[in-house]
file start22.pdb (PDB, C-alpha atoms and all ligand atoms)
ATOM      1  CA  VAL P   1       0.000   0.000   0.000
ATOM      2  CA  LYS P   2       1.388   3.420  -0.961
ATOM      3  CA  HIS P   3       1.259   6.353   1.434
ATOM      4  CA  PRO P   4      -1.193   9.010   0.209
ATOM      5  CA  LEU P   5      -0.386  12.724   0.256
ATOM      6  CA  GLU P   6      -3.001  15.299   1.293
ATOM      7  CA  ASN P   7      -3.011  16.645  -2.262
ATOM      8  CA  LYS P   8      -2.092  15.622  -5.767
ATOM      9  CA  TRP P   9       0.892  17.582  -7.129
ATOM     10  CA  THR P  10       2.161  18.261 -10.635
ATOM     11  CA  LEU P  11       5.731  18.886 -11.752
ATOM     12  CA  TRP P  12       6.207  21.417 -14.552
ATOM     13  CA  PHE P  13       9.517  22.064 -16.280
ATOM     14  CA  TYR P  14      10.566  25.329 -17.852
ATOM     15  CA  GLU P  15      13.370  25.445 -20.396
ATOM     16  CA  GLN P  16      14.067  28.600 -22.383
ATOM     17  CA  LYS P  17      13.719  27.795 -26.069
ATOM     18  CA  SER P  18      11.120  30.181 -27.466
ATOM     19  CA  LYS P  19      10.857  33.925 -26.829
ATOM     20  CA  VAL P  20       7.290  33.390 -25.638
ATOM     21  CA  TRP P  21       7.467  32.487 -21.944
ATOM     22  CA  GLU P  22       4.322  30.320 -21.880
ATOM     23  CA  GLU P  23       5.645  28.124 -24.704
ATOM     24  CA  ASN P  24       8.634  27.054 -22.622
ATOM     25  CA  ILE P  25       6.750  25.537 -19.741
ATOM     26  CA  HIS P  26       5.556  21.925 -19.822
ATOM     27  CA  GLU P  27       3.703  19.565 -17.543
ATOM     28  CA  VAL P  28       5.908  16.571 -16.718
ATOM     29  CA  ALA P  29       4.116  14.286 -14.261
ATOM     30  CA  SER P  30       1.698  14.152 -11.332
ATOM     31  CA  PHE P  31       1.791  12.146  -8.113
ATOM     32  CA  ASP P  32      -0.322  11.736  -5.000
ATOM     33  CA  THR P  33       1.686   9.275  -2.944
ATOM     34  CA  VAL P  34       5.016   9.518  -1.127
ATOM     35  CA  GLU P  35       6.416   6.623  -3.154
ATOM     36  CA  ASP P  36       5.469   8.125  -6.522
ATOM     37  CA  PHE P  37       6.983  11.446  -5.454
ATOM     38  CA  TRP P  38      10.367   9.818  -4.680
ATOM     39  CA  CYS P  39      10.226   7.808  -7.875
ATOM     40  CA  LEU P  40       9.914  11.046  -9.858
ATOM     41  CA  PHE P  41      12.229  13.174  -7.726
ATOM     42  CA  ASN P  42      15.054  10.620  -7.757
ATOM     43  CA  HIS P  43      14.694  10.060 -11.480
ATOM     44  CA  ILE P  44      15.157  13.661 -12.624
ATOM     45  CA  LYS P  45      18.237  15.861 -12.476
ATOM     46  CA  ARG P  46      19.013  17.751  -9.309
ATOM     47  CA  PRO P  47      18.980  21.560  -9.606
ATOM     48  CA  SER P  48      22.803  21.580  -9.469
ATOM     49  CA  GLN P  49      22.867  19.394 -12.621
ATOM     50  CA  LEU P  50      20.467  21.526 -14.683
ATOM     51  CA  SER P  51      21.404  24.148 -17.260
ATOM     52  CA  TYR P  52      20.773  27.785 -16.506
ATOM     53  CA  GLN P  53      17.460  29.232 -17.753
ATOM     54  CA  CYS P  54      15.572  26.190 -16.468
ATOM     55  CA  ASP P  55      12.944  26.018 -13.707
ATOM     56  CA  TYR P  56      11.273  23.247 -11.739
ATOM     57  CA  ASN P  57       7.734  24.010 -10.609
ATOM     58  CA  TYR P  58       5.748  21.778  -8.247
ATOM     59  CA  PHE P  59       2.134  22.917  -7.954
ATOM     60  CA  LYS P  60      -1.045  21.489  -6.547
ATOM     61  CA  ASN P  61      -2.789  19.622  -9.327
ATOM     62  CA  GLY P  62      -5.027  21.970 -11.288
ATOM     63  CA  ILE P  63      -3.009  25.139 -10.548
ATOM     64  CA  LYS P  64      -0.780  26.361 -13.369
ATOM     65  CA  PRO P  65       2.610  27.758 -12.275
ATOM     66  CA  MET P  66       1.729  31.187 -13.624
ATOM     67  CA  TRP P  67       0.615  34.515 -12.145
ATOM     68  CA  GLU P  68      -2.449  34.325 -14.411
ATOM     69  CA  ASP P  69      -3.945  31.205 -12.830
ATOM     70  CA  GLY P  70      -7.031  32.197 -10.813
ATOM     71  CA  LYS P  71      -5.545  30.580  -7.677
ATOM     72  CA  ASN P  72      -2.325  32.603  -8.036
ATOM     73  CA  SER P  73      -3.580  35.967  -9.247
ATOM     74  CA  ALA P  74      -4.235  37.425  -5.768
ATOM     75  CA  GLY P  75      -1.186  35.712  -4.311
ATOM     76  CA  GLY P  76       2.528  36.169  -4.066
ATOM     77  CA  ARG P  77       5.786  34.445  -3.250
ATOM     78  CA  TRP P  78       8.297  34.082  -0.462
ATOM     79  CA  LEU P  79      11.594  34.433  -2.275
ATOM     80  CA  LEU P  80      15.003  33.194  -1.249
ATOM     81  CA  GLN P  81      17.998  34.242  -3.341
ATOM     82  CA  LEU P  82      20.947  31.902  -3.384
ATOM     83  CA  PRO P  83      24.216  31.587  -5.336
ATOM     84  CA  PRO P  84      24.275  29.931  -8.788
ATOM     85  CA  ALA P  85      23.377  26.247  -8.502
ATOM     86  CA  LYS P  86      25.970  24.560 -10.695
ATOM     87  CA  ASN P  87      27.864  22.000  -8.563
ATOM     88  CA  ASN P  88      26.238  23.434  -5.436
ATOM     89  CA  GLN P  89      24.766  20.595  -3.394
ATOM     90  CA  HIS P  90      23.532  22.979  -0.729
ATOM     91  CA  ILE P  91      20.951  24.218  -3.230
ATOM     92  CA  ASP P  92      19.828  20.651  -3.982
ATOM     93  CA  GLU P  93      19.369  20.140  -0.253
ATOM     94  CA  CYS P  94      17.374  23.381   0.175
ATOM     95  CA  TRP P  95      15.140  22.516  -2.771
ATOM     96  CA  LYS P  96      14.475  18.975  -1.516
ATOM     97  CA  ASN P  97      13.575  20.282   1.943
ATOM     98  CA  ILE P  98      11.200  22.895   0.518
ATOM     99  CA  ILE P  99       9.415  20.356  -1.670
ATOM    100  CA  LEU P 100       9.097  17.846   1.181
ATOM    101  CA  SER P 101       7.662  20.576   3.420
ATOM    102  CA  ILE P 102       4.998  21.634   0.943
ATOM    103  CA  ILE P 103       3.853  18.180  -0.217
ATOM    104  CA  GLY P 104       4.050  16.945   3.393
ATOM    105  CA  GLU P 105       1.915  19.974   4.340
ATOM    106  CA  ILE P 106       3.844  20.786   7.505
ATOM    107  CA  TYR P 107       2.575  24.394   7.475
ATOM    108  CA  ASP P 108      -0.443  25.412   9.589
ATOM    109  CA  GLN P 109      -1.424  27.475   6.532
ATOM    110  CA  SER P 110      -0.797  24.716   3.953
ATOM    111  CA  SER P 111      -4.144  25.470   2.300
ATOM    112  CA  GLU P 112      -2.663  28.844   1.245
ATOM    113  CA  ILE P 113       0.368  27.237  -0.428
ATOM    114  CA  ASN P 114      -0.033  26.674  -4.172
ATOM    115  CA  GLY P 115       3.438  25.476  -5.091
ATOM    116  CA  ALA P 116       7.184  26.038  -5.177
ATOM    117  CA  ILE P 117       9.611  27.038  -7.901
ATOM    118  CA  VAL P 118      13.358  26.907  -8.352
ATOM    119  CA  ASN P 119      14.787  29.216 -11.035
ATOM    120  CA  LEU P 120      18.312  28.251 -12.159
ATOM    121  CA  ARG P 121      20.062  31.356 -13.429
ATOM    122  CA  SER P 122      23.721  32.170 -14.006
ATOM    123  CA  LYS P 123      23.255  35.309 -11.896
ATOM    124  CA  GLY P 124      21.920  33.239  -8.978
ATOM    125  CA  THR P 125      19.289  30.722  -7.894
ATOM    126  CA  LYS P 126      15.817  31.679  -6.736
ATOM    127  CA  ILE P 127      13.705  29.375  -4.602
ATOM    128  CA  ALA P 128      10.143  30.566  -4.101
ATOM    129  CA  VAL P 129       7.032  29.344  -2.327
ATOM    130  CA  TRP P 130       3.859  30.633  -3.944
ATOM    131  CA  THR P 131       0.848  31.361  -1.752
ATOM    132  CA  ASN P 132      -2.666  32.374  -2.697
ATOM    133  CA  ASN P 133      -3.369  35.469  -0.604
ATOM    134  CA  ALA P 134      -0.937  38.393  -0.679
ATOM    135  CA  SER P 135      -3.291  40.891   0.980
ATOM    136  CA  LYS P 136      -2.069  43.056   3.866
ATOM    137  CA  GLU P 137      -4.912  41.653   5.997
ATOM    138  CA  ASN P 138      -3.408  38.190   5.559
ATOM    139  CA  GLY P 139      -0.040  39.361   6.878
ATOM    140  CA  SER P 140       0.020  37.151   9.962
ATOM    141  CA  ASN P 141      -0.447  33.994   7.884
ATOM    142  CA  ILE P 142       2.141  35.136   5.349
ATOM    143  CA  MET P 143       4.652  35.818   8.117
ATOM    144  CA  ALA P 144       3.941  32.444   9.768
ATOM    145  CA  ILE P 145       4.645  30.679   6.458
ATOM    146  CA  GLY P 146       7.836  32.716   6.039
ATOM    147  CA  ARG P 147       9.105  31.804   9.498
ATOM    148  CA  LYS P 148       8.426  28.124   8.827
ATOM    149  CA  ILE P 149      10.262  28.270   5.488
ATOM    150  CA  LYS P 150      13.314  29.677   7.274
ATOM    151  CA  GLU P 151      13.088  26.876   9.834
ATOM    152  CA  VAL P 152      12.848  24.261   7.045
ATOM    153  CA  LEU P 153      15.850  25.745   5.249
ATOM    154  CA  GLY P 154      17.835  26.514   8.382
ATOM    155  CA  VAL P 155      18.560  30.022   7.085
ATOM    156  CA  GLN P 156      17.797  32.166  10.126
ATOM    157  CA  ASN P 157      20.204  34.921   9.093
ATOM    158  CA  GLU P 158      19.404  35.265   5.423
ATOM    159  CA  LYS P 159      16.909  37.901   4.307
ATOM    160  CA  MET P 160      13.750  36.673   2.655
ATOM    161  CA  VAL P 161      11.174  38.866   0.952
ATOM    162  CA  TYR P 162       7.521  38.317   0.119
ATOM    163  CA  GLU P 163       6.193  40.076  -2.955
ATOM    164  CA  SER P 164       2.767  39.944  -4.553
ATOM    165  CA  HIS P 165       2.597  38.593  -8.113
ATOM    166  CA  VAL P 166       0.965  41.862  -9.191
ATOM    167  CA  ASP P 167       4.084  43.721  -8.026
ATOM    168  CA  THR P 168       6.443  41.149  -9.585
ATOM    169  CA  ALA P 169       4.596  41.287 -12.916
ATOM    170  CA  ASN P 170       4.603  45.097 -12.972
ATOM    171  CA  LYS P 171       8.116  45.659 -11.720
ATOM    172  CA  GLN P 172      10.311  48.217 -13.423
ATOM    173  CA  GLY P 173      13.815  46.887 -14.065
ATOM    174  CA  SER P 174      15.059  44.923 -11.091
ATOM    175  CA  PHE P 175      13.106  46.913  -8.502
ATOM    176  CA  THR P 176      10.160  45.222  -6.828
ATOM    177  CA  LYS P 177       8.155  46.529  -3.882
ATOM    178  CA  HIS P 178       8.498  44.147  -0.981
ATOM    179  CA  ALA P 179       5.246  43.573   0.839
ATOM    180  CA  PHE P 180       6.831  41.642   3.721
ATOM    181  CA  MET P 181      10.329  40.869   4.856
ATOM    182  CA  ILE P 182      11.749  38.427   7.348
TER     183      ILE P 182
HETATM  184  P1  LIG O   1      11.558  34.651 -14.106
HETATM  185  O1  LIG O   1      11.876  33.468 -14.948
HETATM  186  O2  LIG O   1      10.648  34.403 -12.944
HETATM  187  O3  LIG O   1      12.874  35.319 -13.506
HETATM  188  O4  LIG O   1      10.881  35.783 -14.978
HETATM  189  P2  LIG O   1      14.269  35.795 -14.198
HETATM  190  O5  LIG O   1      14.048  37.240 -14.560
HETATM  191  O6  LIG O   1      15.268  35.653 -13.110
HETATM  192  O7  LIG O   1      14.549  34.927 -15.379
HETATM  193  C1  LIG O   1      11.392  36.156 -16.224
HETATM  194  C2  LIG O   1      10.282  36.605 -17.129
HETATM  195  O8  LIG O   1       9.457  35.489 -17.444
HETATM  196  C3  LIG O   1       9.317  37.627 -16.559
HETATM  197  O9  LIG O   1       9.781  38.933 -16.658
HETATM  198  C4  LIG O   1       8.106  37.392 -17.423
HETATM  199  O10 LIG O   1       8.279  37.993 -18.682
HETATM  200  C5  LIG O   1       8.124  35.891 -17.601
HETATM  201  N1  LIG O   1       7.294  35.239 -16.571
HETATM  202  C6  LIG O   1       7.683  34.682 -15.412
HETATM  203  N2  LIG O   1       6.606  34.211 -14.743
HETATM  204  C7  LIG O   1       6.640  33.542 -13.469
HETATM  205  C8  LIG O   1       5.513  34.478 -15.496
HETATM  206  C9  LIG O   1       4.127  34.206 -15.314
HETATM  207  O11 LIG O   1       3.667  33.646 -14.332
HETATM  208  N3  LIG O   1       3.321  34.621 -16.328
HETATM  209  C10 LIG O   1       3.793  35.263 -17.436
HETATM  210  N4  LIG O   1       2.944  35.659 -18.355
HETATM  211  N5  LIG O   1       5.098  35.513 -17.621
HETATM  212  C11 LIG O   1       5.953  35.129 -16.657
END

call {"tool": "encode", "arguments": {"input": "start22.pdb", "output": "structure tokens", "more": "lines below"}}
Ligand code: M7G
result
Amino acid sequence: VKHPLENKWTLWFYEQKSKVWEENIHEVASFDTVEDFWCLFNHIKRPSQLSYQCDYNYFKNGIKPMWEDGKNSAGGRWLLQLPPAKNNQHIDECWKNIILSIIGEIYDQSSEINGAIVNLRSKGTKIAVWTNNASKENGSNIMAIGRKIKEVLGVQNEKMVYESHVDTANKQGSFTKHAFMI
């Protein structure tokens, strides 16, 4: 008997080939048991083995890893910026711990978590947890999720910012308003 997860999750892979962002992102596989998750996770490359300009996205089944999805549009992301991933096993470890925490639903506010993304870039790695409610009124839940992420990653001293997808999508250059910081 396999061990069921609370939710079904889907892995999406982004690889920059076309100029049109949406054309580069593809659904890879879905799983709803612990065993099927490990089967997939252990089969694919670790972040440190991927080329730059690639992303892994794990989202709850039915939610597209895009700002435009109705479940994401009022949400935002906790963002952790790390060094480039090539040959960096620490990043593999961080990514594994984040994914286990979201599919294992260890957060009191797990119902607000839509997914997680790792962006491999030559300028640096971004690990983000996407949540569904970026409103100021939801600040205490957002902060609780942020504190838990830091606990999961063991990065008490690194700065982490939460930004709404509306702000990210409308940002000018590299400047983004930060709604919350921890
Ligand atoms: P990125 O890949 O998140 O970060 O965004 P990067 O700048 O470090 O590579 C790069 C670009 O991809 C954005 O400026 C958008 O043009 C596009 N993009 C990223 N996301 C997450 C979305 C999305 O959800 N929807 C749309 N339409 N475009 C996106």

call {"tool": "resolve_selection", "arguments": {"input": "start22.pdb", "expression": "the PyMOL selection byres (((chain P and resi 20-36) around 6) and not hetatm)", "output": "list in words"}}
result
His3, Pro4, Leu5, Lys8, Trp9, Thr10, Leu11, Trp12, Phe13, Tyr14, Glu15, Gln16, Ser18, Lys19, Phe37, Trp38 and Cys39 of chain P

call {"tool": "closest_atom_pairs", "arguments": {"input": "start22.pdb", "of": "chain P", "to": "ligand LIG 1 (chain O)", "cutoff": "7 Å", "atoms": "all atoms listed in the file", "output": "CSV"}}
result
residue,atom,partner,partner_atom,distance
P:Trp21,CA,O:LIG1,C5,5.6
P:Glu22,CA,O:LIG1,N4,6.5
P:Gln53,CA,O:LIG1,O7,6.8
P:Pro65,CA,O:LIG1,O11,6.3
P:Met66,CA,O:LIG1,O11,3.2
P:Trp67,CA,O:LIG1,O11,3.9
P:Glu68,CA,O:LIG1,N3,6.1
P:Asn119,CA,O:LIG1,O1,6.5
P:Arg121,CA,O:LIG1,O6,6.4
P:Ala169,CA,O:LIG1,O9,6.8

call {"tool": "write_last_selection", "arguments": {"input": "start22.pdb", "atoms": "C-alpha atoms", "output": "short mmCIF file (atom, residue, chain, number, x, y, z; two decimals), in the coordinates of the input"}}
result
data_model
loop_
_atom_site.label_atom_id
_atom_site.label_comp_id
_atom_site.auth_asym_id
_atom_site.auth_seq_id
_atom_site.Cartn_x
_atom_site.Cartn_y
_atom_site.Cartn_z
CA TRP P 21 7.47 32.49 -21.94
CA GLU P 22 4.32 30.32 -21.88
CA GLN P 53 17.46 29.23 -17.75
CA PRO P 65 2.61 27.76 -12.28
CA MET P 66 1.73 31.19 -13.62
CA TRP P 67 0.62 34.52 -12.14
CA GLU P 68 -2.45 34.33 -14.41
CA ASN P 119 14.79 29.22 -11.04
CA ARG P 121 20.06 31.36 -13.43
CA ALA P 169 4.60 41.29 -12.92
#

call {"tool": "residues_around", "arguments": {"input": "start22.pdb", "residues": "stretch 80-90 of chain P", "least_positions_apart": "6", "cutoff": "6 Å", "atoms": "all atoms listed in the file", "output": "VMD selection string"}}
result
chain P and resid 48 122 124 to 127 160

call {"tool": "resolve_selection", "arguments": {"input": "start22.pdb", "expression": "the PyMOL selection byres (((chain P and resi 111) around 12) and not hetatm)", "output": "NGL selection string"}}
result
:P and (6-7 or 60 or 71 or 102-110 or 112-115 or 130-133 or 141-142 or 145)

call {"tool": "closest_residue", "arguments": {"input": "start22.pdb", "among": "P:Ala179, P:Leu153, P:Leu40, P:Ala134", "to": "P:Ser73", "atoms": "all atoms listed in the file"}}
result
P:Ala134

call {"tool": "atom_distance", "arguments": {"input": "start22.pdb", "atom1": "atom CA of P:Ala116", "atom2": "atom CA of P:Tyr162"}}
result
13.4 Å

call {"tool": "atom_distance", "arguments": {"input": "start22.pdb", "atom1": "atom CA of P:Gly139", "atom2": "atom CA of P:Val166"}}
result
16.3 Å

call {"tool": "residues_near_point", "arguments": {"input": "start22.pdb", "point": "(11.0, 40.9, 0.8)", "cutoff": "8 Å", "atoms": "all atoms listed in the file", "output": "JSON, numbers by chain"}}
result
{"P": [78, 79, 159, 160, 161, 162, 163, 177, 178, 179, 180, 181, 182]}

call {"tool": "atom_distance", "arguments": {"input": "start22.pdb", "atom1": "atom CA of P:Asn72", "atom2": "atom CA of P:Phe59"}}
result
10.7 Å

call {"tool": "closest_residue", "arguments": {"input": "start22.pdb", "among": "P:Ile117, P:Ser101, P:Ile44, P:His165", "to": "P:Gly70", "atoms": "only C-alpha atoms"}}
result
P:His165

call {"tool": "closest_residue", "arguments": {"input": "start22.pdb", "among": "P:Val118, P:Asn42, P:Ile91, P:Ala144", "to": "P:Asp55", "atoms": "all atoms listed in the file"}}
result
P:Val118

call {"tool": "axis_aligned_box", "arguments": {"input": "start22.pdb", "around": "stretch 30-46 of chain P", "padding_each_side": "8 Å", "output": "lines of an AutoDock Vina configuration file"}}
result
center_x = 9.3
center_y = 12.2
center_z = -6.9
size_x = 35.3
size_y = 27.1
size_z = 27.5

call {"tool": "closest_residue", "arguments": {"input": "start22.pdb", "among": "P:Gly154, P:Gly75, P:Pro47, P:Gly62", "to": "P:Lys136", "atoms": "only C-alpha atoms"}}
result
P:Gly75

call {"tool": "closest_residue", "arguments": {"input": "start22.pdb", "among": "P:Ile149, P:Ile63, P:Ala74, P:Met143", "to": "P:Ala128", "atoms": "only C-alpha atoms"}}
result
P:Ile149

call {"tool": "closest_residue", "arguments": {"input": "start22.pdb", "among": "P:Tyr56, P:Ser51, P:Asn97, P:Lys64", "to": "P:Lys150", "atoms": "all atoms listed in the file"}}
result
P:Asn97
